[in-house]
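See structure below.
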Amino acid sequence: MTVHDVSLLERAAEYGDGFHCGHIVINWFWQLLRSMTDDQLKSFLWFTTGNDRIPVKGIGSVVISIHRRGNDSDLLPVASTCFNMLSFPEYSSFEKLKRCFLVAMKHDRGFGLA
């Protein structure tokens with residue numbers, strides 16, 4: 001995934017629960033993605049969609065639904081990979097958003113199914 005892919009993903013994104021494309025926290029979110037390395041972007045894709053590969057139809061075919069999960073807190077972002085849904089609090093700073101996302105992405109493996 002590249003910075004170009006991030007722009008395509010941003011154009012296809014949907015928002016809910018108080019977030020919108022001009023919201024400051026959403027601007028920080030896209031700023032964070034644009035600053036990530038290729039490996040971090042793959043990790044983000046895995047965290048959000050359950051797959052670290054770009055679909056055959058291209059990254060623009062992936063619609064990520066981004067939702068506000070309450071006011072500022074130290075809660076980590078949560079993803080529902082079946083629905084490409086991402087929810088996170090209205091973080092009070094870019095640094096907090098970055099820290100919480102990087103922690104969540106680092107510890108993105110659950111129990112799994114046998």
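Letters A, B, ... mark the chains of the structure tokens in the order given; residue numbers begin at 1 per chain; ligand numbers begin at 1, in order shown.
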*Can you list every residue in chain A that DSSP puts in strand (DSSP E or B), as a list in words?*
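Selecting the strand (DSSP E or B) positions of chain A gives Glu14, Tyr15, Gly16, Ser65, Ile66, His67, Arg68, Val78, Ala79, Ser80, Met85, Leu86, Ser87 and Phe88 of chain A.
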Next, write the just-selected residues to a file, as a compact mmCIF listing (two decimals), in the first residue's frame, keeping N, CA, C and O atoms as the atom set.
# COMPACT_ATOMS: atom_id res chain seq x y z
N GLU A 14 -16.44 6.19 4.48
CA GLU A 14 -17.73 6.68 4.99
C GLU A 14 -17.55 6.98 6.47
O GLU A 14 -16.71 6.38 7.14
N TYR A 15 -18.38 7.88 6.98
CA TYR A 15 -18.24 8.33 8.37
C TYR A 15 -19.58 8.27 9.10
O TYR A 15 -20.63 8.36 8.47
N GLY A 16 -19.50 8.13 10.42
CA GLY A 16 -20.72 8.09 11.22
C GLY A 16 -20.48 8.49 12.66
O GLY A 16 -19.35 8.68 13.10
N SER A 65 -15.66 2.20 6.92
CA SER A 65 -16.64 2.99 7.64
C SER A 65 -16.02 3.40 8.98
O SER A 65 -15.67 2.54 9.79
N ILE A 66 -15.86 4.69 9.19
CA ILE A 66 -15.15 5.21 10.36
C ILE A 66 -16.16 5.88 11.30
O ILE A 66 -16.89 6.79 10.89
N HIS A 67 -16.19 5.41 12.55
CA HIS A 67 -17.18 5.89 13.52
C HIS A 67 -16.53 6.43 14.78
O HIS A 67 -15.52 5.90 15.25
N ARG A 68 -17.16 7.45 15.32
CA ARG A 68 -16.72 8.05 16.59
C ARG A 68 -17.18 7.15 17.72
O ARG A 68 -18.32 6.71 17.77
N VAL A 78 -10.95 0.21 17.57
CA VAL A 78 -11.52 -1.13 17.41
C VAL A 78 -11.96 -1.28 15.97
O VAL A 78 -12.51 -0.35 15.38
N ALA A 79 -11.70 -2.45 15.39
CA ALA A 79 -12.11 -2.72 14.02
C ALA A 79 -13.03 -3.93 13.97
O ALA A 79 -12.81 -4.91 14.67
N SER A 80 -14.04 -3.84 13.15
CA SER A 80 -14.91 -4.97 12.83
C SER A 80 -14.56 -5.35 11.40
O SER A 80 -15.07 -4.74 10.45
N MET A 85 -15.24 -1.82 9.37
CA MET A 85 -15.66 -0.72 10.22
C MET A 85 -14.59 -0.44 11.27
O MET A 85 -14.08 -1.36 11.91
N LEU A 86 -14.28 0.82 11.43
CA LEU A 86 -13.27 1.26 12.37
C LEU A 86 -13.91 2.27 13.31
O LEU A 86 -14.61 3.17 12.86
N SER A 87 -13.70 2.10 14.61
CA SER A 87 -14.25 3.08 15.56
C SER A 87 -13.18 3.44 16.57
O SER A 87 -12.40 2.58 17.02
N PHE A 88 -13.15 4.71 16.90
CA PHE A 88 -12.18 5.20 17.87
C PHE A 88 -12.70 6.50 18.48
O PHE A 88 -13.54 7.17 17.90
*Please identify all polymer residues within 9 Å of A:Arg69, counting only C-alpha atoms, omitting same-chain residues fewer than 5 positions from it, and present them as number ranges by chain.*
A: 17, 75, 77, 87-90
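Atom CA of A:Ala13 to atom CA of A:Val62 spans 8.2 Å [interatomic distance, one decimal].
In this structure, atom CA of A:Asp5 sits 16.3 Å away from atom CA of A:Asn27.
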*So which bits of stretch 7-80 of chain A end up helix (DSSP H, G or I) when you DSSP the backbone, as a PyMOL selection string?*
chain A and resi 7-12+24-35+38-49+59-61
Output N, CA, C and O atoms of each residue in that selection to a file, as a short mmCIF file (atom, residue, chain, number, x, y, z; two decimals), in the first residue's frame.
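Written out: again-v7.cif:
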data_model
loop_
_atom_site.label_atom_id
_atom_site.label_comp_id
_atom_site.auth_asym_id
_atom_site.auth_seq_id
_atom_site.Cartn_x
_atom_site.Cartn_y
_atom_site.Cartn_z
N SER A 7 -4.89 7.86 -0.43
CA SER A 7 -5.81 8.86 -1.00
C SER A 7 -7.05 8.20 -1.58
O SER A 7 -8.17 8.71 -1.43
N LEU A 8 -6.88 7.07 -2.26
CA LEU A 8 -8.02 6.34 -2.80
C LEU A 8 -8.92 5.81 -1.69
O LEU A 8 -10.14 5.85 -1.77
N LEU A 9 -8.29 5.30 -0.64
CA LEU A 9 -9.04 4.80 0.52
C LEU A 9 -9.82 5.93 1.18
O LEU A 9 -10.98 5.77 1.55
N GLU A 10 -9.20 7.10 1.27
CA GLU A 10 -9.86 8.26 1.88
C GLU A 10 -11.09 8.68 1.06
O GLU A 10 -12.13 8.99 1.64
N ARG A 11 -10.98 8.68 -0.25
CA ARG A 11 -12.10 9.07 -1.10
C ARG A 11 -13.29 8.13 -0.95
O ARG A 11 -14.44 8.54 -1.08
N ALA A 12 -13.01 6.85 -0.67
CA ALA A 12 -14.08 5.85 -0.57
C ALA A 12 -14.65 5.72 0.84
O ALA A 12 -15.65 5.05 1.06
N ILE A 24 -11.54 17.42 12.57
CA ILE A 24 -10.11 17.51 12.87
C ILE A 24 -9.50 16.15 13.18
O ILE A 24 -8.39 15.84 12.74
N VAL A 25 -10.21 15.31 13.92
CA VAL A 25 -9.67 13.98 14.26
C VAL A 25 -9.55 13.12 13.01
O VAL A 25 -8.59 12.36 12.86
N ILE A 26 -10.47 13.25 12.08
CA ILE A 26 -10.40 12.51 10.82
C ILE A 26 -9.22 13.02 9.99
O ILE A 26 -8.50 12.23 9.36
N ASN A 27 -8.99 14.33 10.00
CA ASN A 27 -7.82 14.88 9.31
C ASN A 27 -6.53 14.32 9.89
O ASN A 27 -5.60 13.97 9.15
N TRP A 28 -6.46 14.22 11.22
CA TRP A 28 -5.29 13.62 11.87
C TRP A 28 -5.14 12.15 11.46
O TRP A 28 -4.03 11.68 11.24
N PHE A 29 -6.26 11.45 11.41
CA PHE A 29 -6.25 10.04 11.04
C PHE A 29 -5.61 9.85 9.65
O PHE A 29 -4.72 9.03 9.48
N TRP A 30 -6.06 10.62 8.66
CA TRP A 30 -5.49 10.48 7.31
C TRP A 30 -4.04 10.96 7.27
O TRP A 30 -3.22 10.40 6.55
N GLN A 31 -3.72 11.97 8.07
CA GLN A 31 -2.33 12.43 8.18
C GLN A 31 -1.45 11.29 8.70
O GLN A 31 -0.34 11.07 8.21
N LEU A 32 -1.94 10.58 9.71
CA LEU A 32 -1.20 9.45 10.26
C LEU A 32 -0.97 8.39 9.20
O LEU A 32 0.16 7.91 9.02
N LEU A 33 -2.01 8.03 8.47
CA LEU A 33 -1.85 7.00 7.44
C LEU A 33 -0.85 7.42 6.38
O LEU A 33 -0.04 6.61 5.92
N ARG A 34 -0.87 8.69 5.99
CA ARG A 34 0.08 9.17 4.97
C ARG A 34 1.52 9.15 5.47
O ARG A 34 2.45 9.11 4.68
N SER A 35 1.71 9.19 6.78
CA SER A 35 3.07 9.20 7.35
C SER A 35 3.61 7.79 7.62
O SER A 35 4.78 7.64 7.99
N ASP A 38 5.39 1.47 4.43
CA ASP A 38 4.64 0.45 3.71
C ASP A 38 4.23 -0.69 4.63
O ASP A 38 3.10 -1.18 4.56
N ASP A 39 5.13 -1.11 5.51
CA ASP A 39 4.81 -2.20 6.45
C ASP A 39 3.71 -1.78 7.43
O ASP A 39 2.83 -2.58 7.76
N GLN A 40 3.76 -0.55 7.89
CA GLN A 40 2.71 -0.06 8.80
C GLN A 40 1.37 0.02 8.08
O GLN A 40 0.33 -0.29 8.66
N LEU A 41 1.38 0.41 6.81
CA LEU A 41 0.14 0.47 6.05
C LEU A 41 -0.44 -0.92 5.84
O LEU A 41 -1.66 -1.11 5.92
N LYS A 42 0.42 -1.90 5.61
CA LYS A 42 -0.06 -3.29 5.49
C LYS A 42 -0.67 -3.73 6.82
O LYS A 42 -1.70 -4.40 6.85
N SER A 43 -0.03 -3.35 7.90
CA SER A 43 -0.54 -3.69 9.23
C SER A 43 -1.89 -3.01 9.47
O SER A 43 -2.81 -3.62 10.03
N PHE A 44 -2.03 -1.76 9.04
CA PHE A 44 -3.30 -1.06 9.17
C PHE A 44 -4.38 -1.77 8.35
O PHE A 44 -5.50 -1.95 8.82
N LEU A 45 -4.05 -2.16 7.14
CA LEU A 45 -5.01 -2.85 6.28
C LEU A 45 -5.46 -4.16 6.94
O LEU A 45 -6.63 -4.49 6.96
N TRP A 46 -4.51 -4.88 7.52
CA TRP A 46 -4.84 -6.13 8.23
C TRP A 46 -5.76 -5.84 9.42
O TRP A 46 -6.75 -6.52 9.63
N PHE A 47 -5.39 -4.83 10.20
CA PHE A 47 -6.16 -4.46 11.38
C PHE A 47 -7.60 -4.11 11.02
O PHE A 47 -8.53 -4.49 11.72
N THR A 48 -7.78 -3.41 9.91
CA THR A 48 -9.09 -2.89 9.53
C THR A 48 -9.94 -3.87 8.73
O THR A 48 -11.15 -3.92 8.90
N THR A 49 -9.30 -4.64 7.85
CA THR A 49 -10.05 -5.50 6.94
C THR A 49 -9.85 -6.99 7.16
O THR A 49 -10.58 -7.80 6.60
N ILE A 59 -7.58 -0.75 -4.23
CA ILE A 59 -7.87 -0.27 -2.89
C ILE A 59 -9.09 0.65 -2.88
O ILE A 59 -9.79 0.76 -1.87
N GLY A 60 -9.40 1.28 -4.00
CA GLY A 60 -10.57 2.14 -4.08
C GLY A 60 -11.88 1.39 -3.91
O GLY A 60 -12.91 1.99 -3.63
N SER A 61 -11.82 0.06 -4.07
CA SER A 61 -13.03 -0.75 -3.90
C SER A 61 -13.30 -1.08 -2.43
O SER A 61 -14.35 -1.61 -2.09
#
*Which value, in Å to one decimal, gives the distance between atom CA of A:Val103 and atom CA of A:Gly58?*
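Taking atom CA of A:Val103 and atom CA of A:Gly58, their separation equals 27.2 Å.
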*Near-A:Tyr91 list (8 Å; only C-alpha atoms; drop same-chain fewer than 4 positions) as a list in words*: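 The neighbour list is Val25, Asn71, Asp72, Ser73, Lys96 and Leu97 of chain A.
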